[in-house]
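One structure is given below, encoded as structure tokens.
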Amino acid sequence: MGKPTGFLEFERELPKKRSVEERLHDYSEIENAPDDSSSKQQAARCMDCGIPFCHNGCPLGNIIPEFNDAVYDENWALAYEILSSTNNFPEFTGRICPAPCESSCVLGINKPPVAIEYIEKAIIEKAFELNLVKPKMPKTRTGKKIAVVGSGPAGLAAAYQLNQAGHTVVLMERADKIGGLVRYGIPDFKLDKHVIDRRLAVMQEEGVQFRTNVNVGVDVKADELLDEFDAVLLTMGSTVPRDVKIDGRHLKGVHFAMEFLSQQNKRVAGINPEYDHRGAPYANGQIIAKGKHVVVIGGGDTGSDCVGTSSRHGAASVTQIELMPIPPKERDASTPWPNWPMMLRTSTSHEEGCDRHWSINTKEFVGDENGNLKELKIVDLDWQKDPATGRMQMKEVPGSERSIPCDLAFLAAGFLHPQQEGLLSDLELEFDERGNIKTNGYQSSSNEKVFAAGDCRRGQSLVVWAISEGREAARAIDEYLMGQSFLEAKSVSIFNPTFAHA
Ligand SMILES: Cc1cc2nc3c(=O)[nH]c(=O)nc-3n(C[C@H](O)[C@H](O)[C@H](O)COP(=O)(O)OP(=O)(O)OC[C@H]3O[C@@H](n4cnc5c(N)ncnc54)[C@H](O)[C@@H]3O)c2cc1C
Ligand code: SF4
């Protein structure tokens, strides 16, 4: 423990944010860079408790008290070594992880928890600044060739690990740039894309081969993939969005959230947003929210990102509606410490201005004579627990039906599963009851050479889970090819006090 009395002396502090007035005029990151003295102070709050529940709260099993200690000692090289032993991309998680570790921090029982995510970001930014993030060349090559399909955090983490184990890794991506949803979903104001490029440069030097504009299943057929490679890892994400199938769905102005968000990320990157990754024009053209009444349907991260992007476009109004009831403002008794609490969350985009409503159902999109969306018909819901089943049931509140102005509606109601037609059906894979790739561990149940990880396997989730799955799948592939693996897995890193890499 760095400072035994740290948690009594210092308050929890989060990174400083740029003012709303300033940040609404650009797409640069909202948070200011961490500074050394406040990172050290925050690390001093860690109590190095006997059983650090934060390890378990983090899907990667990050070794948190140890890196906090190293930060307190200003030993950035050690802090980076510890952090990078379990997390390939702390620069992603340090920016956008909802930090389940902090919900299970022991200090959090009666005080604000340690600002773990902040410290994580401080370590990795310092590591890049001090040139500690250097390419690490595998000592030997195994001669085994692995295809990774999809370049989101799951595919990138797996590619990183498999390359370190000495395999030849070819990562294929159908978009024009590597990064998955971190590149073309999550807005720049949450994660600047130079953060991805800086990491890709390191991986490329280490020997990972990146191929963009390759739609696997179309440009490279399933049987070619199986013939050419010793193992195939599918990390294709959960790409089929949940639709809102009500009257007026066809009107001009109703869009899936991802269409809007990916166009904006392209604009910021200086890429023409009129065309998709294959050069085909978007059916709905460019989506611009300036001067429009925007309604975002769905209350999660995707919805919140539509709110922030619409505000930056200069929308006339931004409203977000959610089917479910408003969550409790504090940790609810149903999710006690150290569980992830079900509670109301206010994002930086919400802080910038948004009218939020819960327990609302959408009834109809209403258009004008030219087929343009003009209004959204909504109704209030009453949620009650069914005494027989204990499940929540919704009923429309009589007389509450009304219309709100709406020129643009963004559907952010989640994602169902990966695209099944094409590659997955050609590989004759099985799906679980939710339509995701069915695996035994990470190995597909119908073809032993095929593995899956990330959102296409576990369903839509988080970046930290995608990295975790990518690492675990890499270990499973390495074991399949070599009979054993020295790659880190979560179960190893939690109980292994030596931070040694494979
Ligand atoms: C708008 C939005 C905001 C989010 N914000 C957050 C957040 O703040 N924090 C957080 O933790 N999580 C967030 N998430 C969730 C997070 O981004 C995902 O859980 C994570 O990216 C999943 O990683 P993945 O590698 O499994 O798949 P993805 O990131 O979805 O990557 C899959 C990749 O596979 C490619 N692909 C698909 N099919 C093929 C094919 N046939 N051939 C070649 N390539 C193919 C796709 O083009 C894509 O690039 C957000 C998600 C969205 C949509
Ligand atoms: S990756 Fe997320 S959960 Fe894990 S330590 Fe970092 S902020 Fe916490």
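Residues in the structure tokens are numbered from 1 in each chain, the chains being A, B, ... in the order shown, and ligands are numbered from 1 in the order shown.
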### Query
DSSP on the backbone: what in region 147-381 of chain A comes out strand (DSSP E), as an MDAnalysis selection string?
chainID A and resid 147:149 168:172 209:211 231:234 254:256 293:297 317:321 355:357 360:367 373:381
### Surrounding residues as a ChimeraX atom specification, ligand 1, max 7 Å, only C-alpha atoms and all ligand atoms
/A:93,96-98,149-155,172-175,178-182,185-186,214-217,235-239,258,261,301-302,305,423,453-456,460-464,466
### Task
For ligand 2, collect every residue having any atom at a distance of at most 7 Å from a ligand atom (counting only C-alpha atoms and all ligand atoms); output as a ChimeraX atom specification.
/A:57-62,64,90,93-94,97-102,116-117,120,464
Please produce a file of those selected residues containing N, CA and C atoms, as a short mmCIF file (atom, residue, chain, number, x, y, z; two decimals), in the first residue's frame.
data_model
loop_
_atom_site.label_atom_id
_atom_site.label_comp_id
_atom_site.auth_asym_id
_atom_site.auth_seq_id
_atom_site.Cartn_x
_atom_site.Cartn_y
_atom_site.Cartn_z
N GLY A 57 -14.23 -7.79 -9.97
CA GLY A 57 -15.16 -6.89 -10.65
C GLY A 57 -14.71 -6.63 -12.08
N CYS A 58 -13.38 -6.63 -12.29
CA CYS A 58 -12.85 -6.36 -13.64
C CYS A 58 -12.88 -7.64 -14.46
N PRO A 59 -13.55 -7.64 -15.61
CA PRO A 59 -13.60 -8.84 -16.44
C PRO A 59 -12.22 -9.32 -16.91
N LEU A 60 -11.21 -8.43 -16.82
CA LEU A 60 -9.87 -8.83 -17.23
C LEU A 60 -9.04 -9.33 -16.05
N GLY A 61 -9.57 -9.18 -14.83
CA GLY A 61 -8.78 -9.54 -13.66
C GLY A 61 -7.58 -8.62 -13.48
N ASN A 62 -7.73 -7.35 -13.86
CA ASN A 62 -6.61 -6.40 -13.70
C ASN A 62 -6.10 -6.42 -12.26
N ILE A 64 -5.15 -4.61 -9.66
CA ILE A 64 -5.35 -3.18 -9.39
C ILE A 64 -4.52 -2.66 -8.20
N PRO A 90 -5.35 -0.77 -22.38
CA PRO A 90 -5.82 0.09 -21.29
C PRO A 90 -6.22 1.48 -21.80
N THR A 93 -10.01 1.01 -22.39
CA THR A 93 -10.80 0.85 -21.16
C THR A 93 -10.62 2.05 -20.22
N GLY A 94 -9.43 2.65 -20.22
CA GLY A 94 -9.20 3.82 -19.36
C GLY A 94 -10.04 5.01 -19.78
N CYS A 97 -14.52 2.50 -20.25
CA CYS A 97 -15.06 1.36 -19.48
C CYS A 97 -16.02 1.89 -18.42
N PRO A 98 -17.16 1.24 -18.24
CA PRO A 98 -18.05 1.69 -17.15
C PRO A 98 -17.48 1.34 -15.77
N ALA A 99 -16.33 0.70 -15.75
CA ALA A 99 -15.58 0.43 -14.52
C ALA A 99 -16.35 -0.39 -13.49
N PRO A 100 -16.73 -1.62 -13.83
CA PRO A 100 -17.35 -2.48 -12.82
C PRO A 100 -16.42 -2.73 -11.63
N CYS A 101 -15.09 -2.60 -11.85
CA CYS A 101 -14.14 -2.75 -10.74
C CYS A 101 -14.44 -1.77 -9.61
N GLU A 102 -14.82 -0.55 -10.00
CA GLU A 102 -15.05 0.48 -8.97
C GLU A 102 -16.29 0.17 -8.15
N ILE A 116 -10.27 3.96 -10.22
CA ILE A 116 -9.39 2.98 -10.88
C ILE A 116 -9.23 3.27 -12.37
N GLU A 117 -10.36 3.60 -13.01
CA GLU A 117 -10.30 3.83 -14.46
C GLU A 117 -9.37 5.01 -14.78
N GLU A 120 -5.83 3.95 -14.47
CA GLU A 120 -5.49 3.11 -15.62
C GLU A 120 -5.12 3.98 -16.84
N VAL A 464 -14.44 -3.98 -22.46
CA VAL A 464 -13.61 -4.75 -21.52
C VAL A 464 -13.91 -6.25 -21.65
#
### Task
Run DSSP on the backbone of this structure and report the residues of region 59-226 of chain A it assigns to alpha helix (DSSP H), as a PyMOL selection string.
chain A and resi 64-72+76-84+90-96+100-103+116-129+153-164+181-184+194-206+222-226
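If you count only C-alpha atoms and ignore residues fewer than 4 places along the chain from region 125-128 of chain A, what sits within 7 Å of it is A:Trp76, A:Tyr80, A:Lys121, A:Leu132, A:Val133.
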